[in-house]
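Source file: my_file21.cif; contents: mmCIF, C-alpha atoms and all ligand atoms.
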data_query
loop_
_atom_site.label_atom_id
_atom_site.label_comp_id
_atom_site.auth_asym_id
_atom_site.auth_seq_id
_atom_site.Cartn_x
_atom_site.Cartn_y
_atom_site.Cartn_z
CA MET A 1 -90.80 56.23 11.04
CA VAL A 2 -92.92 57.55 8.16
CA GLU A 3 -91.05 60.09 6.04
CA LYS A 4 -92.61 63.57 5.97
CA PHE A 5 -94.69 64.23 2.85
CA PHE A 6 -97.40 66.56 1.64
CA LEU A 7 -100.64 65.14 0.28
CA LEU A 8 -102.61 67.11 -2.31
CA LEU A 9 -106.14 66.69 -3.66
CA ALA A 10 -106.20 67.90 -7.24
CA GLY A 11 -108.27 68.44 -10.35
CA GLY A 12 -106.61 69.65 -13.53
CA VAL A 13 -105.69 73.17 -14.64
CA GLY A 14 -106.16 75.10 -11.34
CA ALA A 15 -104.36 72.44 -9.35
CA ALA A 16 -101.54 72.22 -11.89
CA LYS A 17 -100.72 75.92 -11.51
CA PHE A 18 -100.33 75.51 -7.76
CA ILE A 19 -98.40 72.24 -8.11
CA LYS A 20 -96.00 73.91 -10.56
CA GLY A 21 -95.18 76.47 -7.85
CA LEU A 22 -94.90 73.91 -5.08
CA ALA A 23 -92.68 71.55 -7.08
CA SER A 24 -90.22 74.33 -7.77
CA ILE A 25 -89.68 75.23 -4.10
CA ILE A 26 -89.54 71.75 -2.57
CA ASN A 27 -88.35 68.33 -3.69
CA GLN A 28 -91.00 66.69 -5.92
CA LYS A 29 -90.40 63.45 -4.03
CA LEU A 30 -92.21 64.99 -1.03
CA LEU A 31 -95.44 65.28 -3.00
CA LYS A 32 -98.21 62.72 -3.20
CA ILE A 33 -101.17 63.82 -5.26
CA ILE A 34 -104.64 62.28 -5.35
CA VAL A 35 -106.23 63.25 -8.66
CA ASN A 36 -109.84 63.43 -9.84
CA THR A 37 -110.75 60.71 -12.33
CA GLY A 38 -114.40 61.72 -12.79
CA ASP A 39 -113.42 63.35 -16.11
CA ASP A 40 -112.00 60.07 -17.44
CA ILE A 41 -113.54 59.09 -20.74
CA GLU A 42 -113.18 56.50 -23.48
CA LEU A 43 -112.90 57.98 -26.98
CA PHE A 44 -111.49 56.55 -30.23
CA GLY A 45 -111.29 53.22 -28.36
CA LEU A 46 -108.75 54.75 -25.98
CA LYS A 47 -108.72 55.32 -22.22
CA ILE A 48 -108.26 59.03 -21.55
CA CYS A 49 -107.63 60.54 -18.08
CA PRO A 50 -107.60 64.33 -18.57
CA ASP A 51 -106.74 65.46 -15.03
CA LEU A 52 -104.15 62.75 -14.41
CA ASP A 53 -102.47 63.79 -17.65
CA ILE A 54 -102.47 67.51 -16.81
CA ILE A 55 -100.81 66.85 -13.45
CA THR A 56 -98.35 64.35 -14.94
CA TYR A 57 -97.31 66.62 -17.82
CA THR A 58 -96.95 69.56 -15.41
CA LEU A 59 -94.56 67.66 -13.17
CA ALA A 60 -92.74 66.20 -16.18
CA ASP A 61 -92.33 69.78 -17.41
CA CYS A 62 -93.79 68.99 -20.81
CA ILE A 63 -97.21 70.67 -20.44
CA ASP A 64 -98.42 73.40 -22.76
CA GLU A 65 -98.69 76.04 -20.04
CA GLU A 66 -100.57 78.50 -22.18
CA LYS A 67 -103.41 76.08 -22.90
CA GLY A 68 -103.11 74.42 -19.49
CA TRP A 69 -103.39 70.91 -20.97
CA GLY A 70 -101.63 68.68 -23.48
CA PHE A 71 -97.97 68.58 -24.47
CA LYS A 72 -96.06 71.69 -25.48
CA ASP A 73 -94.99 71.84 -29.15
CA GLU A 74 -97.90 69.52 -29.98
CA THR A 75 -99.27 68.63 -33.42
CA PHE A 76 -102.76 67.34 -34.25
CA ASN A 77 -102.21 65.26 -37.38
CA CYS A 78 -103.72 62.06 -36.05
CA LEU A 79 -106.82 63.89 -34.77
CA SER A 80 -107.41 65.47 -38.18
CA ILE A 81 -107.85 61.95 -39.60
CA LEU A 82 -109.75 60.60 -36.56
CA LYS A 83 -112.30 63.37 -37.13
CA LYS A 84 -113.21 61.74 -40.45
CA PHE A 85 -114.27 58.58 -38.63
CA TYR A 86 -115.55 59.74 -35.25
CA SER A 87 -118.07 62.41 -34.20
CA THR A 88 -116.09 62.84 -30.99
CA GLY A 89 -113.30 64.78 -32.69
CA TRP A 90 -114.20 67.76 -30.47
CA PHE A 91 -111.86 66.25 -27.88
CA ASN A 92 -108.51 67.91 -28.51
CA ALA A 93 -106.10 65.01 -28.39
CA GLY A 94 -102.69 65.89 -29.82
CA ASP A 95 -100.29 63.39 -31.37
CA LYS A 96 -98.06 63.06 -28.29
CA ASP A 97 -101.14 62.93 -26.04
CA LEU A 98 -102.53 60.08 -28.15
CA ALA A 99 -99.33 58.13 -27.57
CA ILE A 100 -100.02 58.29 -23.82
CA HIS A 101 -103.64 57.19 -24.35
CA ILE A 102 -102.49 54.25 -26.50
CA TYR A 103 -99.96 53.14 -23.86
CA ARG A 104 -102.55 53.49 -21.06
CA THR A 105 -105.12 51.49 -23.02
CA ASP A 106 -102.57 48.79 -23.82
CA LEU A 107 -101.69 48.38 -20.12
CA TRP A 108 -105.38 48.38 -19.19
CA LYS A 109 -106.01 45.58 -21.71
CA GLN A 110 -103.18 43.63 -20.10
CA GLY A 111 -105.05 43.86 -16.79
CA TYR A 112 -103.16 46.64 -14.99
CA LYS A 113 -105.14 48.83 -12.58
CA LYS A 114 -105.43 52.60 -12.99
CA ASP A 115 -102.98 53.37 -10.15
CA GLU A 116 -100.37 50.99 -11.59
CA ILE A 117 -100.79 52.48 -15.07
CA THR A 118 -100.52 56.04 -13.70
CA LYS A 119 -97.33 55.13 -11.85
CA ARG A 120 -95.75 53.65 -14.98
CA ILE A 121 -96.63 56.63 -17.15
CA SER A 122 -95.40 59.20 -14.67
CA GLU A 123 -92.16 57.34 -13.99
CA LYS A 124 -91.45 56.96 -17.72
CA LEU A 125 -92.00 60.71 -18.16
CA GLY A 126 -89.52 61.44 -15.36
CA VAL A 127 -91.94 62.53 -12.63
CA HIS A 128 -90.64 62.12 -9.06
CA ALA A 129 -93.85 63.02 -7.22
CA GLU A 130 -96.37 60.24 -6.67
CA ILE A 131 -99.55 60.71 -8.71
CA ILE A 132 -102.48 58.59 -7.56
CA PRO A 133 -105.93 58.28 -9.19
CA MET A 134 -108.72 58.88 -6.64
CA CYS A 135 -109.95 55.30 -7.20
CA ASN A 136 -109.34 52.35 -9.49
CA GLU A 137 -113.00 51.72 -10.25
CA PRO A 138 -114.71 53.31 -13.28
CA PHE A 139 -116.21 56.66 -12.33
CA GLU A 140 -117.71 59.33 -14.59
CA THR A 141 -119.30 62.72 -14.03
CA TYR A 142 -122.43 63.43 -16.10
CA ILE A 143 -124.30 66.68 -16.63
CA LYS A 144 -128.00 66.56 -17.43
CA THR A 145 -129.03 69.37 -19.82
CA PRO A 146 -132.38 70.09 -21.53
CA LYS A 147 -131.08 68.32 -24.68
CA LYS A 148 -129.52 65.24 -23.06
CA SER A 149 -127.38 63.90 -20.29
CA MET A 150 -123.74 64.18 -21.31
CA HIS A 151 -120.29 63.33 -20.04
CA PHE A 152 -118.66 66.26 -18.24
CA GLU A 153 -115.94 66.53 -20.93
CA GLU A 154 -118.61 66.92 -23.61
CA TYR A 155 -120.37 69.60 -21.55
CA TYR A 156 -117.06 71.39 -20.90
CA ILE A 157 -115.30 71.13 -24.26
CA LYS A 158 -117.91 70.53 -26.95
CA GLU A 159 -120.73 72.54 -25.41
CA CYS A 160 -118.44 75.18 -23.80
CA CYS A 161 -120.44 74.94 -20.51
CA GLU A 162 -123.34 76.74 -22.21
CA PRO A 163 -126.36 74.41 -21.68
CA GLU A 164 -128.51 74.85 -18.62
CA ILE A 165 -127.63 72.34 -15.88
CA LEU A 166 -130.63 70.25 -14.83
CA ASP A 167 -128.69 67.69 -12.77
CA ILE A 168 -125.21 66.43 -12.02
CA THR A 169 -124.70 62.73 -11.54
CA PHE A 170 -121.70 60.65 -10.65
CA ARG A 171 -121.71 57.22 -12.29
CA GLY A 172 -119.80 54.67 -10.26
CA THR A 173 -120.23 56.04 -6.73
CA GLY A 174 -121.54 52.74 -5.37
CA LYS A 175 -118.35 50.89 -6.21
CA ALA A 176 -115.66 53.59 -5.94
CA ARG A 177 -113.75 52.96 -2.74
CA ALA A 178 -110.59 54.56 -1.41
CA THR A 179 -107.67 52.15 -1.52
CA LYS A 180 -105.92 51.24 1.72
CA LYS A 181 -102.98 53.23 0.45
CA VAL A 182 -105.02 56.43 -0.04
CA LEU A 183 -106.42 56.14 3.49
CA GLU A 184 -102.90 55.62 4.91
CA LEU A 185 -101.66 58.68 3.03
CA ILE A 186 -104.45 60.82 4.48
CA LYS A 187 -103.58 59.60 7.97
CA ASN A 188 -99.82 60.04 7.69
CA ALA A 189 -99.38 63.20 5.60
CA GLU A 190 -97.66 66.13 7.33
CA ARG A 191 -100.37 68.35 5.81
CA ILE A 192 -103.11 67.92 3.23
CA ILE A 193 -103.63 70.61 0.64
CA ILE A 194 -106.91 70.98 -1.21
CA CYS A 195 -105.75 72.61 -4.45
CA PRO A 196 -107.63 75.56 -5.98
CA SER A 197 -109.69 73.22 -8.15
CA ASN A 198 -113.33 73.04 -9.10
CA PRO A 199 -115.03 72.34 -5.73
CA LEU A 200 -117.82 70.23 -7.24
CA VAL A 201 -116.49 68.30 -10.22
CA SER A 202 -112.83 67.99 -9.23
CA ILE A 203 -112.53 68.00 -5.42
CA GLY A 204 -116.24 67.14 -5.00
CA THR A 205 -115.73 64.09 -7.19
CA ILE A 206 -112.80 62.88 -5.07
CA LEU A 207 -115.05 63.33 -2.02
CA GLN A 208 -117.58 60.97 -3.61
CA VAL A 209 -115.14 58.07 -3.27
CA GLN A 210 -116.20 56.04 -0.26
CA GLY A 211 -113.93 56.60 2.71
CA ILE A 212 -112.16 59.78 1.62
CA ARG A 213 -114.39 62.43 3.19
CA GLU A 214 -114.54 60.55 6.53
CA ALA A 215 -110.76 60.11 6.53
CA LEU A 216 -110.30 63.86 5.97
CA ILE A 217 -112.72 64.72 8.78
CA ASN A 218 -110.54 62.69 11.15
CA VAL A 219 -107.48 64.83 10.36
CA LYS A 220 -109.27 68.15 9.85
CA ASN A 221 -106.61 70.20 11.68
CA LYS A 222 -103.99 69.53 9.03
CA VAL A 223 -106.26 70.12 6.00
CA ILE A 224 -105.57 73.39 4.17
CA GLY A 225 -107.78 74.57 1.31
CA ILE A 226 -107.21 77.27 -1.29
CA SER A 227 -110.26 78.98 -2.72
CA PRO A 228 -110.71 78.61 -6.49
CA ILE A 229 -113.26 81.42 -6.39
CA ILE A 230 -111.88 84.95 -6.36
CA HIS A 231 -114.13 87.97 -5.89
CA GLY A 232 -117.31 86.06 -6.74
CA MET A 233 -115.99 84.38 -9.87
CA ALA A 234 -114.16 81.25 -10.99
CA VAL A 235 -110.84 82.14 -12.61
CA LYS A 236 -111.75 79.74 -15.42
CA GLY A 237 -114.33 77.02 -16.05
CA PRO A 238 -117.86 76.24 -14.87
CA ALA A 239 -117.39 76.28 -11.08
CA GLY A 240 -119.79 79.24 -10.76
CA GLN A 241 -122.63 77.58 -12.72
CA LEU A 242 -122.16 74.34 -10.78
CA MET A 243 -122.11 76.08 -7.39
CA LYS A 244 -125.30 77.91 -8.31
CA PHE A 245 -126.93 74.59 -9.14
CA PHE A 246 -125.94 73.26 -5.70
CA ASN A 247 -127.36 76.40 -4.04
CA LEU A 248 -123.92 77.51 -2.91
CA ASP A 249 -122.88 81.14 -2.79
CA ILE A 250 -120.47 81.77 -5.69
CA SER A 251 -117.73 82.98 -3.38
CA CYS A 252 -115.08 81.68 -1.01
CA ILE A 253 -117.94 81.42 1.52
CA GLY A 254 -119.76 78.92 -0.70
CA VAL A 255 -116.56 76.89 -1.11
CA ALA A 256 -115.91 76.96 2.66
CA ARG A 257 -119.48 75.82 3.29
CA PHE A 258 -118.99 72.86 0.95
CA TYR A 259 -115.69 71.89 2.62
CA ARG A 260 -116.45 72.93 6.20
CA ASP A 261 -116.66 69.47 7.80
CA PHE A 262 -113.05 68.63 6.91
CA LEU A 263 -111.35 72.02 6.48
CA GLY A 264 -109.05 73.23 9.26
CA HIS A 265 -107.47 76.12 7.33
CA PHE A 266 -108.59 78.10 4.30
CA ILE A 267 -106.74 80.57 2.11
CA ILE A 268 -108.98 83.10 0.47
CA ASP A 269 -107.83 85.76 -1.94
CA ASP A 270 -106.76 89.21 -0.72
CA ARG A 271 -109.61 90.62 -2.82
CA ASP A 272 -112.06 88.75 -0.55
CA ARG A 273 -110.58 90.07 2.71
CA ILE A 274 -114.01 91.45 3.67
CA LEU A 275 -115.36 87.86 3.86
CA LYS A 276 -112.62 86.54 6.18
CA SER A 277 -114.60 86.87 9.42
CA LYS A 278 -117.60 85.10 7.87
CA VAL A 279 -115.45 82.09 6.97
CA GLU A 280 -113.86 82.15 10.43
CA LYS A 281 -117.33 81.93 11.98
CA MET A 282 -117.54 78.45 10.44
CA GLY A 283 -114.66 77.44 12.72
CA ILE A 284 -112.06 77.51 9.93
CA LYS A 285 -108.71 79.31 10.41
CA THR A 286 -108.69 81.75 7.52
CA TYR A 287 -105.83 83.56 5.78
CA CYS A 288 -105.77 86.15 2.99
CA PHE A 289 -103.19 85.98 0.22
CA ASP A 290 -102.80 86.82 -3.46
CA THR A 291 -104.00 83.54 -4.98
CA MET A 292 -104.21 84.68 -8.62
CA MET A 293 -101.37 82.60 -10.07
CA ILE A 294 -100.63 84.63 -13.18
CA ASN A 295 -96.92 83.82 -13.28
CA GLN A 296 -94.33 81.50 -11.81
CA THR A 297 -93.40 83.88 -8.97
CA LYS A 298 -97.04 84.11 -7.85
CA LYS A 299 -97.35 80.31 -7.98
CA GLU A 300 -94.24 79.91 -5.83
CA ASN A 301 -95.28 82.64 -3.37
CA LEU A 302 -98.64 80.96 -2.80
CA ALA A 303 -96.98 77.55 -2.41
CA ARG A 304 -94.51 78.97 0.15
CA PHE A 305 -97.38 80.56 2.09
CA VAL A 306 -99.25 77.24 2.21
CA ILE A 307 -96.32 75.18 3.45
CA ASP A 308 -95.45 77.80 6.09
CA ILE A 309 -98.90 77.72 7.74
CA GLN A 310 -98.62 76.51 11.35
CA ILE A 311 -100.83 73.48 11.80
P1 LIG B 1 -110.04 71.48 -14.40
O1 LIG B 1 -110.37 70.08 -13.93
O2 LIG B 1 -109.07 71.48 -15.54
O3 LIG B 1 -111.19 72.39 -14.56
O4 LIG B 1 -109.13 72.09 -13.25
P2 LIG B 1 -109.34 72.31 -11.72
O5 LIG B 1 -110.58 71.73 -11.20
O6 LIG B 1 -108.04 71.94 -11.06
O7 LIG B 1 -109.38 73.88 -11.69
C1 LIG B 1 -110.47 74.67 -12.02
C2 LIG B 1 -110.59 75.74 -10.97
O8 LIG B 1 -109.33 76.36 -10.79
C3 LIG B 1 -111.56 76.83 -11.35
O9 LIG B 1 -112.62 76.81 -10.42
C4 LIG B 1 -110.74 78.11 -11.25
O10 LIG B 1 -111.45 79.14 -10.63
C5 LIG B 1 -109.54 77.69 -10.42
N1 LIG B 1 -108.33 78.45 -10.77
C6 LIG B 1 -107.72 78.48 -11.96
N2 LIG B 1 -106.65 79.32 -11.89
C7 LIG B 1 -106.61 79.82 -10.63
C8 LIG B 1 -105.75 80.76 -9.97
O11 LIG B 1 -104.79 81.30 -10.51
N3 LIG B 1 -106.05 81.02 -8.65
C9 LIG B 1 -107.11 80.44 -8.00
N4 LIG B 1 -107.32 80.77 -6.72
N5 LIG B 1 -107.94 79.58 -8.61
C10 LIG B 1 -107.69 79.26 -9.91
#

Is it possible to give me this structure as structure tokens?
Ligand code: GDP
Amino acid sequence: MVEKFFLLLAGGVGAAKFIKGLASIINQKLLKIIVNTGDDIELFGLKICPDLDIITYTLADCIDEEKGWGFKDETFNCLSILKKFYSTGWFNAGDKDLAIHIYRTDLWKQGYKKDEITKRISEKLGVHAEIIPMCNEPFETYIKTPKKSMHFEEYYIKECCEPEILDITFRGTGKARATKKVLELIKNAERIIICPSNPLVSIGTILQVQGIREALINVKNKVIGISPIIHGMAVKGPAGQLMKFFNLDISCIGVARFYRDFLGHFIIDDRDRILKSKVEKMGIKTYCFDTMMINQTKKENLARFVIDIQI
């Protein structure tokens, strides 16, 4: 018999808030989390996986919660010197963070795959949940702007999401394939939770991996999404600009439209109650709840609501 577990699809900061709530009301061992790797980047000769790190540090309870990324009580001494040699010093890698990137790169050079490396790092940091990269193949999200085409991290951090978006491309789609394990997890999970993450460059990236979207469609009735858009706005980050580029309504309706072929249940914010019937018309069971996770209690309340939904 397969043991009951919850499967989550996650990006970084938005997902981490929800996961923090969930992990404090149920045993971490019940969580398996598929994480976006489209933000992965090589800088300073090191392999960096921003979303995997955010989720790992959150579950290891060493994240800087105020910033939403990196270690708490971090220093940036190494970066201050790296900046003298590299023009990519805009990437805020702290000293402890760099230790993780060094260890990851070392394992990669020894021939380990991304899922094996992720497992080692999370276990060493004391994480009990299972954190799984969306694929092992190289995969990168690029944003085309009037000036140039740039890696998503450069657009997000260095350019502060300011340039006009002319195109969004995913490099690596042809080869990125869901592992047998990921497909088994989708099939056997008690429920699948789509975290309140960026629909296009976090969840949308995971959906680009061959096999994942189809596998979710097959188990639609147990897929529960949480809208990252509240009252017509992203809580943080460029989701709004990206949705506009894809001709999606910047609202929970736009998110539902993007997810509709695999979404059985959708939690929209109380502030969007007026839109509930519109989402329901898409054949999605819709619930209203306070999804603005401004403190630990709100994170836990939302998590409890999600795991209590009858599927
Ligand atoms: P990133 O990869 O670090 O940008 O993180 P994610 O993709 O996981 O999360 C970004 C999304 O999280 C944004 O679209 C935000 O609107 C959403 N988000 C952040 N905080 C909250 C929150 O408290 N509630 C909800 N509903 N969404 C949130």

- Query: What does the distance between CA of Ile131 in chain A and CA of Ile143 in chain A come to in Å, to one decimal place?
  - Reply: 26.7 Å

- Message: With only C-alpha atoms as the counted atoms, please give the residues lying no more than 10 Å from Ile186 in chain A, apart from itself and same-chain residues fewer than 4 positions off, as a VMD selection string.
- Response: chain A and resid 6 to 8 34 181 to 182 190 to 192 212 215 to 216 218 to 219 222 to 223

- Message: Could you list, as a ChimeraX atom specification, all protein and nucleic acid residues with an atom at most 6 Å from ligand LIG 1 (chain B), counting only C-alpha atoms and all ligand atoms?
- Response: /A:10-15,51,196-198,202,227-229,234-237,239,291-294

Please dump the current selection as a CSV table (one decimal), in the frame of the given file; keep C-alpha atoms.
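As a result, result_22.csv now contains:
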chain,number,residue,atom,x,y,z
A,10,ALA,CA,-106.2,67.9,-7.2
A,11,GLY,CA,-108.3,68.4,-10.4
A,12,GLY,CA,-106.6,69.6,-13.5
A,13,VAL,CA,-105.7,73.2,-14.6
A,14,GLY,CA,-106.2,75.1,-11.3
A,15,ALA,CA,-104.4,72.4,-9.4
A,51,ASP,CA,-106.7,65.5,-15.0
A,196,PRO,CA,-107.6,75.6,-6.0
A,197,SER,CA,-109.7,73.2,-8.2
A,198,ASN,CA,-113.3,73.0,-9.1
A,202,SER,CA,-112.8,68.0,-9.2
A,227,SER,CA,-110.3,79.0,-2.7
A,228,PRO,CA,-110.7,78.6,-6.5
A,229,ILE,CA,-113.3,81.4,-6.4
A,234,ALA,CA,-114.2,81.2,-11.0
A,235,VAL,CA,-110.8,82.1,-12.6
A,236,LYS,CA,-111.8,79.7,-15.4
A,237,GLY,CA,-114.3,77.0,-16.0
A,239,ALA,CA,-117.4,76.3,-11.1
A,291,THR,CA,-104.0,83.5,-5.0
A,292,MET,CA,-104.2,84.7,-8.6
A,293,MET,CA,-101.4,82.6,-10.1
A,294,ILE,CA,-100.6,84.6,-13.2

Excluding same-chain residues fewer than 6 positions from Phe305 in chain A, what lies within 10 Å of it counting only C-alpha atoms, as a PDB file with C-alpha atoms, in the frame of the given file?
ATOM      1  CA  ILE A 267    -106.740  80.570   2.110  1.00  0.00           C
ATOM      2  CA  TYR A 287    -105.830  83.560   5.780  1.00  0.00           C
ATOM      3  CA  PHE A 289    -103.190  85.980   0.220  1.00  0.00           C
ATOM      4  CA  ASP A 290    -102.800  86.820  -3.460  1.00  0.00           C
TER       5      ASP A 290
END

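CA of Ser277 in chain A is found 28.2 Å from CA of Thr297 in chain A.
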
- Task: Rank nothing, just name the residue among A:Leu242, A:Ile226, A:Ile157, A:Leu107 nearest to Cys195 in chain A, using all atoms listed in the file.
- Result: A:Ile226

- Which residues, written as an NGL selection string, have at least one atom at most 10 Å from Asn77 in chain A, with all atoms listed in the file counted and residues fewer than 2 positions away on the same chain left out? :A and (74-75 or 79-82 or 93-95)

- Pick out the closest residue to Glu214 in chain A from this set: A:Lys32, A:Lys187, A:Arg104, A:His231. Count all atoms listed in the file.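 So, comparing all the options, the nearest one is A:Lys187.
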
- Message: Between CA of Leu185 in chain A and CA of Thr141 in chain A, what distance in Å does the model show, to one decimal?
- Response: 24.9 Å

- Please tell me which residues are no farther than 12 Å from (-123.8, 76.1, -4.4) in the file, counting only C-alpha atoms, and write them as a list in words.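 It turns out the residues near that spot are Asn198, Pro199, Leu200, Gly204, Ile229, Ala239, Gly240, Gln241, Leu242, Met243, Lys244, Phe245, Phe246, Asn247, Leu248, Asp249, Ile250, Ser251, Cys252, Ile253, Gly254, Val255, Ala256, Arg257, Phe258 and Tyr259 of chain A.
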
Those same residues - C-alpha atoms - I'd like them written as a PDB file, in the coordinates of the input.
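Written out: result28.pdb:
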ATOM      1  CA  ASN A 198    -113.330  73.040  -9.100  1.00  0.00           C
ATOM      2  CA  PRO A 199    -115.030  72.340  -5.730  1.00  0.00           C
ATOM      3  CA  LEU A 200    -117.820  70.230  -7.240  1.00  0.00           C
ATOM      4  CA  GLY A 204    -116.240  67.140  -5.000  1.00  0.00           C
ATOM      5  CA  ILE A 229    -113.260  81.420  -6.390  1.00  0.00           C
ATOM      6  CA  ALA A 239    -117.390  76.280 -11.080  1.00  0.00           C
ATOM      7  CA  GLY A 240    -119.790  79.240 -10.760  1.00  0.00           C
ATOM      8  CA  GLN A 241    -122.630  77.580 -12.720  1.00  0.00           C
ATOM      9  CA  LEU A 242    -122.160  74.340 -10.780  1.00  0.00           C
ATOM     10  CA  MET A 243    -122.110  76.080  -7.390  1.00  0.00           C
ATOM     11  CA  LYS A 244    -125.300  77.910  -8.310  1.00  0.00           C
ATOM     12  CA  PHE A 245    -126.930  74.590  -9.140  1.00  0.00           C
ATOM     13  CA  PHE A 246    -125.940  73.260  -5.700  1.00  0.00           C
ATOM     14  CA  ASN A 247    -127.360  76.400  -4.040  1.00  0.00           C
ATOM     15  CA  LEU A 248    -123.920  77.510  -2.910  1.00  0.00           C
ATOM     16  CA  ASP A 249    -122.880  81.140  -2.790  1.00  0.00           C
ATOM     17  CA  ILE A 250    -120.470  81.770  -5.690  1.00  0.00           C
ATOM     18  CA  SER A 251    -117.730  82.980  -3.380  1.00  0.00           C
ATOM     19  CA  CYS A 252    -115.080  81.680  -1.010  1.00  0.00           C
ATOM     20  CA  ILE A 253    -117.940  81.420   1.520  1.00  0.00           C
ATOM     21  CA  GLY A 254    -119.760  78.920  -0.700  1.00  0.00           C
ATOM     22  CA  VAL A 255    -116.560  76.890  -1.110  1.00  0.00           C
ATOM     23  CA  ALA A 256    -115.910  76.960   2.660  1.00  0.00           C
ATOM     24  CA  ARG A 257    -119.480  75.820   3.290  1.00  0.00           C
ATOM     25  CA  PHE A 258    -118.990  72.860   0.950  1.00  0.00           C
ATOM     26  CA  TYR A 259    -115.690  71.890   2.620  1.00  0.00           C
TER      27      TYR A 259
END

- Task: May I have the protein, DNA and RNA residues with any atom at most 12 Å from the point (-117.2, 57.5, -23.2), counting all atoms listed in the file, written as a count of residues only?
- Result: 25

- Query: Counting all atoms listed in the file, which of A:Asn221, A:Leu22, A:Ile311, A:Lys17 gets nearest to Trp69 in chain A?
  - Reply: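 Closest to Trp69 in chain A of all the choices is A:Lys17.
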
- Check the smallest atom-to-atom distance from each of A:Glu280, A:Asp53, A:Asp270, A:Asp167 to Ala99 in chain A using only C-alpha atoms, then report the winner.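 Answer, going by the shortest atom-to-atom distance: A:Asp53.
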
- With only C-alpha atoms as the atoms that count, which of A:Ala189, A:Asn295, A:Phe71, A:Lys220 lies nearest to Gly283 in chain A?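 Closest candidate: A:Lys220.
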
- Message: Please determine, counting all atoms listed in the file, which residue among A:Leu30, A:Ala129, A:Ile102, A:Met134 has the shortest atom-to-atom distance to Tyr57 in chain A.
- Response: A:Ala129
